[in-house]
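A short write-up of the structure that comes next.
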Amino acid sequence: MVYSPRMSISHTLLGLLESGPRHGYDLKRTFDQRFGHDRQLHYGQVYSTMSRLLKNGLVEVDGIEAGGGPERKRYAITDAGVTDVEQWLASPEKPEPYLQSVLYTKVVLALLTGRDAAELLDTQRAEHLRLMRELTRRKKDGDLADQLVCDHALFHLEADLRWLETAAARLDRLANVVRG
Amino acid sequence: MTASTSALLTASGLHKTYGSTPALAGADFVIHPGEVVAVMGPSGSGKSTLLHCLAGIVPPDSGTVHYRGKELSALSDARRSALRRADFGFVFQFGQLVPELTCTENVALPLRLVGVGRKEAESRATRWLERLEIDDVRHHRPGQMSGGQGQRVAIARALVGAPSVIFADEPTGALDSLNGERVMGLLTDAARETRAAVVLVTHESRVAAYSDREVIVRDGRARDMAGAV
């Protein structure tokens, strides 16, 4: 999986902490297992993300094993962190091609944390259709070049929407797989 | 969902079961004059049943449909049929034109059914065929036209009686992408110009993009997505 610029590692790690405190190495392993199909996280990314989240009060150190070092810290999500994940999951992504990786991550995290994944998909679908309406209007009023440019975007958005519908139709099965 | 005073057509708590299969399970709907609303949802979710109930073609098992304040189920069959002919227009996936009639005669048919004289009906039909840029095939019969031309004739037929509501069930389902978009552009432009409301059942997002808002039907319930973003 190639991460789009909008793929938020910090929100994903925060979301993984919702089920309980974890060590940095455990976070990396879980992230790689669920979302790192082609590209795994570096330890450095995990610890730099955690220190930023600590600074912003979204996680706290829940315990430190003897021996010290960053890899010995166990992190827990704070109430502010839960609110942050909540807001991220509830906000639709700006529609653009190749959103699947971030949408997939959001759906899996929603299922893992007991949130309404169907609602998330519906909200995203409405955002996509809103942009498709805008492009359709532009296309109707535009010249041939406008029409072709808009068509390119519309075909990509249509593909995203088909994926959203396919995911919505398979939510129950995905929930069983994700929750193991 | 509450029906605002300007609503043209409202449905509330519609239930409909075919045999043991529930098609609608408490569906609500509202549409205003001049509005184009796409009804979307997976196959078998109840989209077409909702359209049929809204148009008074199929009575719901329970729940109500009000058109301009009148409850459809309270009308006699004859009055409901008269209302459908006078106030509603229909476009289906396959034009469902009468094969023995020419284009002009097909388009004039709804007017003839409400008592408009032949000359006047055909003259109004011709104006719509010109408006939809298919007057060159006005003497053709449905079998002599392409799918796209046939759908444009079906749209002319739906619009000729100046309906307040047009019900379109997968109107581009049998057309290729370019023809489908042409048909949608013509249908929605004409509807907006005449302030007709359009209930557009479709599973295609590119077709739904011609609407003002969308309603998703899932498991027999309708969700208005206008406030979702």
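Ligands are numbered from 1 in the order shown, residues from 1 within each chain, and chains are lettered A, B, ... in the order they appear in the structure tokens.
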
Inset, instruction - For Met132 (chain A), please output as a PyMOL selection string all residues within 8 Å (counting only C-alpha atoms; exclusion window: fewer than 6 positions along the same chain). - result: (chain A and resi 154+157) or (chain B and resi 206+209)

Please produce, as a tab-separated table, a per-residue contact table for chain A versus chain B (criterion: any atom at most 7 Å away, only C-alpha atoms considered), showing the nearest atom pair and its distance in Å to one decimal, sorted by chain then residue number.
```
residue	atom	partner	partner_atom	distance
A:Thr123	CA	B:Ala228	CA	5.5
A:Ala126	CA	B:Met225	CA	6.4
A:Glu127	CA	B:Val229	CA	6.0
A:Leu129	CA	B:Ala209	CA	6.2
A:Met132	CA	B:Ala209	CA	5.6
A:Arg133	CA	B:Ala209	CA	4.5
A:Thr136	CA	B:Ala209	CA	6.5
A:Glu158	CA	B:Ser205	CA	6.3
```

Might you pull out every residue within 9 Å of region 29-34 of chain A, with only C-alpha atoms counted and same-chain residues fewer than 2 positions away left off, and present them as a PDB file with N, CA and C atoms, in the first residue's frame?
```pdb
ATOM      1  N   THR A  12      -3.777   7.179  13.020  1.00  0.00           N
ATOM      2  CA  THR A  12      -3.897   5.727  12.993  1.00  0.00           C
ATOM      3  C   THR A  12      -3.309   5.119  14.272  1.00  0.00           C
ATOM      4  N   LEU A  13      -2.127   5.607  14.679  1.00  0.00           N
ATOM      5  CA  LEU A  13      -1.517   5.076  15.909  1.00  0.00           C
ATOM      6  C   LEU A  13      -2.389   5.411  17.119  1.00  0.00           C
ATOM      7  N   LEU A  16      -5.225   3.046  17.251  1.00  0.00           N
ATOM      8  CA  LEU A  16      -4.818   1.711  17.729  1.00  0.00           C
ATOM      9  C   LEU A  16      -4.665   1.695  19.246  1.00  0.00           C
ATOM     10  N   GLY A  24       5.724   1.024  22.145  1.00  0.00           N
ATOM     11  CA  GLY A  24       6.025   1.488  20.790  1.00  0.00           C
ATOM     12  C   GLY A  24       6.202   0.333  19.825  1.00  0.00           C
ATOM     13  N   TYR A  25       6.933  -0.697  20.205  1.00  0.00           N
ATOM     14  CA  TYR A  25       7.184  -1.804  19.271  1.00  0.00           C
ATOM     15  C   TYR A  25       5.896  -2.565  18.959  1.00  0.00           C
ATOM     16  N   ASP A  26       4.996  -2.613  19.941  1.00  0.00           N
ATOM     17  CA  ASP A  26       3.714  -3.280  19.729  1.00  0.00           C
ATOM     18  C   ASP A  26       2.860  -2.481  18.743  1.00  0.00           C
ATOM     19  N   LEU A  27       2.922  -1.143  18.896  1.00  0.00           N
ATOM     20  CA  LEU A  27       2.189  -0.271  17.965  1.00  0.00           C
ATOM     21  C   LEU A  27       2.678  -0.472  16.539  1.00  0.00           C
ATOM     22  N   GLY A  36       0.236  -1.904   6.851  1.00  0.00           N
ATOM     23  CA  GLY A  36       1.540  -1.679   6.216  1.00  0.00           C
ATOM     24  C   GLY A  36       1.878  -2.693   5.163  1.00  0.00           C
ATOM     25  N   HIS A  37       0.862  -3.048   4.331  1.00  0.00           N
ATOM     26  CA  HIS A  37       1.051  -4.176   3.410  1.00  0.00           C
ATOM     27  C   HIS A  37       2.344  -4.126   2.600  1.00  0.00           C
ATOM     28  N   ASP A  38       2.613  -2.963   1.965  1.00  0.00           N
ATOM     29  CA  ASP A  38       3.819  -2.889   1.141  1.00  0.00           C
ATOM     30  C   ASP A  38       4.911  -2.051   1.780  1.00  0.00           C
ATOM     31  N   ARG A  39       4.534  -1.276   2.738  1.00  0.00           N
ATOM     32  CA  ARG A  39       5.527  -0.353   3.296  1.00  0.00           C
ATOM     33  C   ARG A  39       5.345  -0.313   4.804  1.00  0.00           C
ATOM     34  N   GLN A  40       6.327  -0.804   5.505  1.00  0.00           N
ATOM     35  CA  GLN A  40       6.183  -0.881   6.958  1.00  0.00           C
ATOM     36  C   GLN A  40       6.716   0.398   7.607  1.00  0.00           C
ATOM     37  N   LEU A  41       6.262   0.638   8.817  1.00  0.00           N
ATOM     38  CA  LEU A  41       6.723   1.832   9.547  1.00  0.00           C
ATOM     39  C   LEU A  41       8.146   1.604  10.058  1.00  0.00           C
ATOM     40  N   THR A 105      -8.247   2.518   6.000  1.00  0.00           N
ATOM     41  CA  THR A 105      -7.753   2.638   7.369  1.00  0.00           C
ATOM     42  C   THR A 105      -8.847   3.163   8.287  1.00  0.00           C
ATOM     43  N   VAL A 108     -11.465   0.413   8.980  1.00  0.00           N
ATOM     44  CA  VAL A 108     -10.967  -0.619   9.899  1.00  0.00           C
ATOM     45  C   VAL A 108     -10.895  -0.060  11.325  1.00  0.00           C
ATOM     46  N   VAL A 178     -11.856  -8.185  11.092  1.00  0.00           N
ATOM     47  CA  VAL A 178     -11.078  -7.208  11.855  1.00  0.00           C
ATOM     48  C   VAL A 178     -11.101  -7.527  13.349  1.00  0.00           C
TER      49      VAL A 178
END
```

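In terms of minimum interatomic distance to Leu135 (chain A), A:Asp151 ranks closest within A:Asp79, A:Asp151, A:Glu96, A:Asp160, counting only C-alpha atoms.
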
Inset, instruction - Give me every helix (DSSP H, G or I) residue in region 33-63 of chain A, going by DSSP on the backbone, as number ranges by chain. - result: A: 33-35, 43-55

Inset, instruction - Quick one: pick out all strand (DSSP E) residues within chain B from a backbone DSSP run and write them as a VMD selection string. - result: chain B and resid 9 to 18 21 to 31 36 to 40 62 to 67 70 to 71 88 to 91 165 to 169 197 to 201 213 to 218 221 to 224

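A straight line drawn from CA of Asp61 (chain B) to CA of Lys16 (chain B) is 5.0 Å long.
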
Inset, instruction - Would you please work out which residue, of A:Asn56, A:Ala169, A:Gly81, A:Lys28, is nearest to Asp219 (chain B) when using only C-alpha atoms? - result: A:Ala169

Legend entry - Who sits within 8 Å of Arg192 (chain B), only C-alpha atoms, same chain under 4 positions skipped, as a ChimeraX atom specification: /B:34-35,188,196-197

For the selection you just gave me, I'd like the residues written to a file as a short mmCIF file (atom, residue, chain, number, x, y, z; two decimals), in the first residue's frame, keeping N, CA, C and O atoms.
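Output (result_21.cif):
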```cif
data_model
loop_
_atom_site.label_atom_id
_atom_site.label_comp_id
_atom_site.auth_asym_id
_atom_site.auth_seq_id
_atom_site.Cartn_x
_atom_site.Cartn_y
_atom_site.Cartn_z
N GLY B 34 -39.50 21.90 -8.58
CA GLY B 34 -38.26 22.25 -9.28
C GLY B 34 -37.03 21.53 -8.78
O GLY B 34 -35.93 21.78 -9.26
N GLU B 35 -37.21 20.61 -7.85
CA GLU B 35 -36.05 19.93 -7.25
C GLU B 35 -35.81 18.58 -7.97
O GLU B 35 -36.76 17.90 -8.33
N THR B 188 -32.95 17.18 -16.98
CA THR B 188 -32.88 18.08 -15.82
C THR B 188 -33.02 19.55 -16.24
O THR B 188 -33.64 20.33 -15.53
N ALA B 196 -40.67 21.52 -12.76
CA ALA B 196 -41.14 20.18 -12.41
C ALA B 196 -40.13 19.57 -11.44
O ALA B 196 -38.93 19.80 -11.55
N ALA B 197 -40.62 18.81 -10.49
CA ALA B 197 -39.74 18.06 -9.60
C ALA B 197 -39.41 16.73 -10.27
O ALA B 197 -40.22 16.21 -11.03
#
```

Skipping near chain neighbours, those fewer than 3 positions away, what residues fall within 9 Å of His32 (chain B) using only C-alpha atoms, listed as a PDB file with all heavy atoms, in the first residue's frame?
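The resulting selection_9.pdb:
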```pdb
ATOM      1  N   SER B   4     -42.168  20.239   4.888  1.00  0.00           N
ATOM      2  CA  SER B   4     -42.313  21.685   4.994  1.00  0.00           C
ATOM      3  C   SER B   4     -43.541  22.097   4.184  1.00  0.00           C
ATOM      4  O   SER B   4     -44.063  21.344   3.383  1.00  0.00           O
ATOM      5  CB  SER B   4     -41.060  22.378   4.472  1.00  0.00           C
ATOM      6  OG  SER B   4     -41.026  22.283   3.079  1.00  0.00           O
ATOM      7  N   SER B   6     -43.839  24.036   1.754  1.00  0.00           N
ATOM      8  CA  SER B   6     -43.665  24.157   0.313  1.00  0.00           C
ATOM      9  C   SER B   6     -43.452  22.799  -0.357  1.00  0.00           C
ATOM     10  O   SER B   6     -43.264  22.740  -1.565  1.00  0.00           O
ATOM     11  CB  SER B   6     -42.477  25.059   0.017  1.00  0.00           C
ATOM     12  OG  SER B   6     -41.310  24.467   0.517  1.00  0.00           O
ATOM     13  N   ALA B   7     -43.485  21.727   0.414  1.00  0.00           N
ATOM     14  CA  ALA B   7     -43.241  20.409  -0.176  1.00  0.00           C
ATOM     15  C   ALA B   7     -44.338  20.069  -1.176  1.00  0.00           C
ATOM     16  O   ALA B   7     -45.504  20.382  -0.977  1.00  0.00           O
ATOM     17  CB  ALA B   7     -43.178  19.360   0.916  1.00  0.00           C
ATOM     18  N   LEU B   8     -43.925  19.432  -2.270  1.00  0.00           N
ATOM     19  CA  LEU B   8     -44.873  19.044  -3.308  1.00  0.00           C
ATOM     20  C   LEU B   8     -45.408  17.640  -3.038  1.00  0.00           C
ATOM     21  O   LEU B   8     -46.594  17.371  -3.136  1.00  0.00           O
ATOM     22  CB  LEU B   8     -44.128  19.081  -4.649  1.00  0.00           C
ATOM     23  CG  LEU B   8     -44.906  18.869  -5.916  1.00  0.00           C
ATOM     24  CD1 LEU B   8     -45.960  19.959  -6.092  1.00  0.00           C
ATOM     25  CD2 LEU B   8     -43.948  18.883  -7.104  1.00  0.00           C
ATOM     26  N   LEU B   9     -44.464  16.776  -2.685  1.00  0.00           N
ATOM     27  CA  LEU B   9     -44.800  15.365  -2.480  1.00  0.00           C
ATOM     28  C   LEU B   9     -44.069  14.898  -1.219  1.00  0.00           C
ATOM     29  O   LEU B   9     -42.863  15.107  -1.100  1.00  0.00           O
ATOM     30  CB  LEU B   9     -44.312  14.579  -3.705  1.00  0.00           C
ATOM     31  CG  LEU B   9     -44.639  13.111  -3.828  1.00  0.00           C
ATOM     32  CD1 LEU B   9     -46.140  12.908  -4.045  1.00  0.00           C
ATOM     33  CD2 LEU B   9     -43.887  12.508  -5.012  1.00  0.00           C
ATOM     34  N   THR B  10     -44.799  14.295  -0.296  1.00  0.00           N
ATOM     35  CA  THR B  10     -44.139  13.793   0.925  1.00  0.00           C
ATOM     36  C   THR B  10     -44.626  12.379   1.205  1.00  0.00           C
ATOM     37  O   THR B  10     -45.787  12.049   0.934  1.00  0.00           O
ATOM     38  CB  THR B  10     -44.472  14.640   2.168  1.00  0.00           C
ATOM     39  OG1 THR B  10     -45.883  14.660   2.346  1.00  0.00           O
ATOM     40  CG2 THR B  10     -43.959  16.044   2.077  1.00  0.00           C
ATOM     41  N   GLU B  35     -37.205  20.610  -7.845  1.00  0.00           N
ATOM     42  CA  GLU B  35     -36.052  19.929  -7.252  1.00  0.00           C
ATOM     43  C   GLU B  35     -35.809  18.584  -7.966  1.00  0.00           C
ATOM     44  O   GLU B  35     -36.765  17.896  -8.326  1.00  0.00           O
ATOM     45  CB  GLU B  35     -36.372  19.665  -5.779  1.00  0.00           C
ATOM     46  CG  GLU B  35     -35.172  19.542  -4.905  1.00  0.00           C
ATOM     47  CD  GLU B  35     -35.538  19.254  -3.456  1.00  0.00           C
ATOM     48  OE1 GLU B  35     -36.697  18.880  -3.154  1.00  0.00           O
ATOM     49  OE2 GLU B  35     -34.645  19.382  -2.631  1.00  0.00           O
ATOM     50  N   VAL B  36     -34.537  18.238  -8.141  1.00  0.00           N
ATOM     51  CA  VAL B  36     -34.191  16.923  -8.713  1.00  0.00           C
ATOM     52  C   VAL B  36     -33.545  16.099  -7.593  1.00  0.00           C
ATOM     53  O   VAL B  36     -32.498  16.482  -7.074  1.00  0.00           O
ATOM     54  CB  VAL B  36     -33.207  17.062  -9.898  1.00  0.00           C
ATOM     55  CG1 VAL B  36     -32.864  15.695 -10.472  1.00  0.00           C
ATOM     56  CG2 VAL B  36     -33.784  17.973 -10.979  1.00  0.00           C
ATOM     57  N   ALA B 196     -40.675  21.521 -12.760  1.00  0.00           N
ATOM     58  CA  ALA B 196     -41.138  20.182 -12.410  1.00  0.00           C
ATOM     59  C   ALA B 196     -40.134  19.567 -11.441  1.00  0.00           C
ATOM     60  O   ALA B 196     -38.934  19.801 -11.553  1.00  0.00           O
ATOM     61  CB  ALA B 196     -41.240  19.324 -13.668  1.00  0.00           C
ATOM     62  N   ALA B 197     -40.623  18.810 -10.487  1.00  0.00           N
ATOM     63  CA  ALA B 197     -39.736  18.056  -9.599  1.00  0.00           C
ATOM     64  C   ALA B 197     -39.406  16.731 -10.275  1.00  0.00           C
ATOM     65  O   ALA B 197     -40.224  16.207 -11.029  1.00  0.00           O
ATOM     66  CB  ALA B 197     -40.424  17.804  -8.270  1.00  0.00           C
TER      67      ALA B 197
END
```

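The gap separating CA of Glu134 (chain A) from CA of Val153 (chain B) is 28.0 Å, in Å to one decimal.
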
Inset, instruction - Determine, counting only C-alpha atoms, which protein, DNA and RNA residues have an atom within 12 Å of an atom of Gln149 (chain B); residues of the same chain fewer than 4 positions away are not included. Present the result as number ranges by chain. - result: B: 94-95, 97, 103, 129, 132-138, 140-145, 153-156, 172, 174-175, 179-180, 182-183, 186

Since we have the selection now, will you write its residues out, keeping N, CA and C atoms, as a short mmCIF file (atom, residue, chain, number, x, y, z; two decimals), in the first residue's frame?
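Final output, saved to out_36.cif:
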```cif
data_model
loop_
_atom_site.label_atom_id
_atom_site.label_comp_id
_atom_site.auth_asym_id
_atom_site.auth_seq_id
_atom_site.Cartn_x
_atom_site.Cartn_y
_atom_site.Cartn_z
N PHE B 94 -36.33 1.38 -20.29
CA PHE B 94 -36.58 1.18 -21.72
C PHE B 94 -37.82 2.02 -22.01
N GLY B 95 -37.67 2.98 -22.93
CA GLY B 95 -38.67 4.01 -23.16
C GLY B 95 -40.14 3.60 -23.03
N LEU B 97 -42.23 2.94 -25.32
CA LEU B 97 -43.04 3.67 -26.29
C LEU B 97 -43.97 2.66 -26.97
N CYS B 103 -43.17 8.79 -33.45
CA CYS B 103 -42.66 9.58 -32.32
C CYS B 103 -43.66 10.64 -31.90
N LEU B 129 -40.33 17.79 -29.25
CA LEU B 129 -39.34 17.03 -30.04
C LEU B 129 -38.26 17.97 -30.57
N LEU B 132 -35.92 18.92 -27.70
CA LEU B 132 -34.99 17.84 -27.36
C LEU B 132 -34.16 17.39 -28.57
N GLU B 133 -34.24 18.19 -29.64
CA GLU B 133 -33.41 18.00 -30.83
C GLU B 133 -33.58 16.64 -31.49
N ILE B 134 -34.83 16.19 -31.60
CA ILE B 134 -35.09 14.91 -32.28
C ILE B 134 -36.28 15.05 -33.23
N ASP B 135 -36.55 16.28 -33.68
CA ASP B 135 -37.70 16.45 -34.57
C ASP B 135 -37.45 15.80 -35.93
N ASP B 136 -36.17 15.50 -36.24
CA ASP B 136 -35.88 14.84 -37.53
C ASP B 136 -36.41 13.40 -37.57
N VAL B 137 -36.71 12.82 -36.41
CA VAL B 137 -37.23 11.43 -36.43
C VAL B 137 -38.71 11.40 -36.04
N ARG B 138 -39.39 12.54 -36.17
CA ARG B 138 -40.76 12.58 -35.64
C ARG B 138 -41.73 11.63 -36.34
N HIS B 140 -40.75 8.65 -37.42
CA HIS B 140 -40.25 7.28 -37.23
C HIS B 140 -41.06 6.57 -36.14
N ARG B 141 -41.05 5.24 -36.25
CA ARG B 141 -41.63 4.44 -35.16
C ARG B 141 -40.48 3.99 -34.26
N PRO B 142 -40.78 3.60 -32.98
CA PRO B 142 -39.71 3.27 -32.02
C PRO B 142 -38.66 2.29 -32.55
N GLY B 143 -39.09 1.31 -33.34
CA GLY B 143 -38.16 0.31 -33.87
C GLY B 143 -37.15 0.87 -34.85
N GLN B 144 -37.40 2.08 -35.34
CA GLN B 144 -36.50 2.67 -36.35
C GLN B 144 -35.53 3.68 -35.72
N MET B 145 -35.48 3.72 -34.39
CA MET B 145 -34.62 4.72 -33.71
C MET B 145 -33.57 4.05 -32.85
N VAL B 153 -37.37 10.65 -26.82
CA VAL B 153 -38.81 10.67 -27.12
C VAL B 153 -39.59 10.41 -25.83
N ALA B 154 -39.10 9.46 -25.02
CA ALA B 154 -39.78 9.15 -23.75
C ALA B 154 -39.79 10.37 -22.82
N ILE B 155 -38.69 11.13 -22.84
CA ILE B 155 -38.63 12.33 -22.00
C ILE B 155 -39.62 13.38 -22.52
N ALA B 156 -39.67 13.54 -23.85
CA ALA B 156 -40.64 14.48 -24.43
C ALA B 156 -42.06 14.07 -24.02
N THR B 172 -31.30 6.12 -17.81
CA THR B 172 -30.16 5.98 -18.72
C THR B 172 -29.57 4.57 -18.67
N ALA B 174 -30.09 1.88 -20.12
CA ALA B 174 -29.85 1.13 -21.35
C ALA B 174 -28.97 1.91 -22.33
N LEU B 175 -28.39 3.02 -21.88
CA LEU B 175 -27.63 3.87 -22.81
C LEU B 175 -26.14 3.86 -22.48
N ASN B 179 -24.46 9.08 -24.33
CA ASN B 179 -25.89 9.25 -24.56
C ASN B 179 -26.64 9.43 -23.25
N GLY B 180 -26.19 8.70 -22.23
CA GLY B 180 -26.82 8.80 -20.91
C GLY B 180 -26.69 10.22 -20.36
N ARG B 182 -26.20 12.94 -22.09
CA ARG B 182 -26.99 13.86 -22.94
C ARG B 182 -28.45 13.84 -22.47
N VAL B 183 -28.96 12.62 -22.27
CA VAL B 183 -30.35 12.46 -21.82
C VAL B 183 -30.56 13.13 -20.46
N LEU B 186 -30.63 16.96 -20.79
CA LEU B 186 -31.89 17.44 -21.37
C LEU B 186 -33.04 17.33 -20.36
#
```

Legend entry - Close residues, Phe29 (chain B) itself excluded, 12 Å, only C-alpha atoms, min 5 positions apart in chain, as a PyMOL selection string: chain B and resi 1-4+7-14+24+37-39+47+50-51+53-54+63-67+199+214-217+221-225

Legend entry - Atom-to-atom span, CA of Tyr75 (chain A) and CA of Arg22 (chain A), Å: 5.5 Å
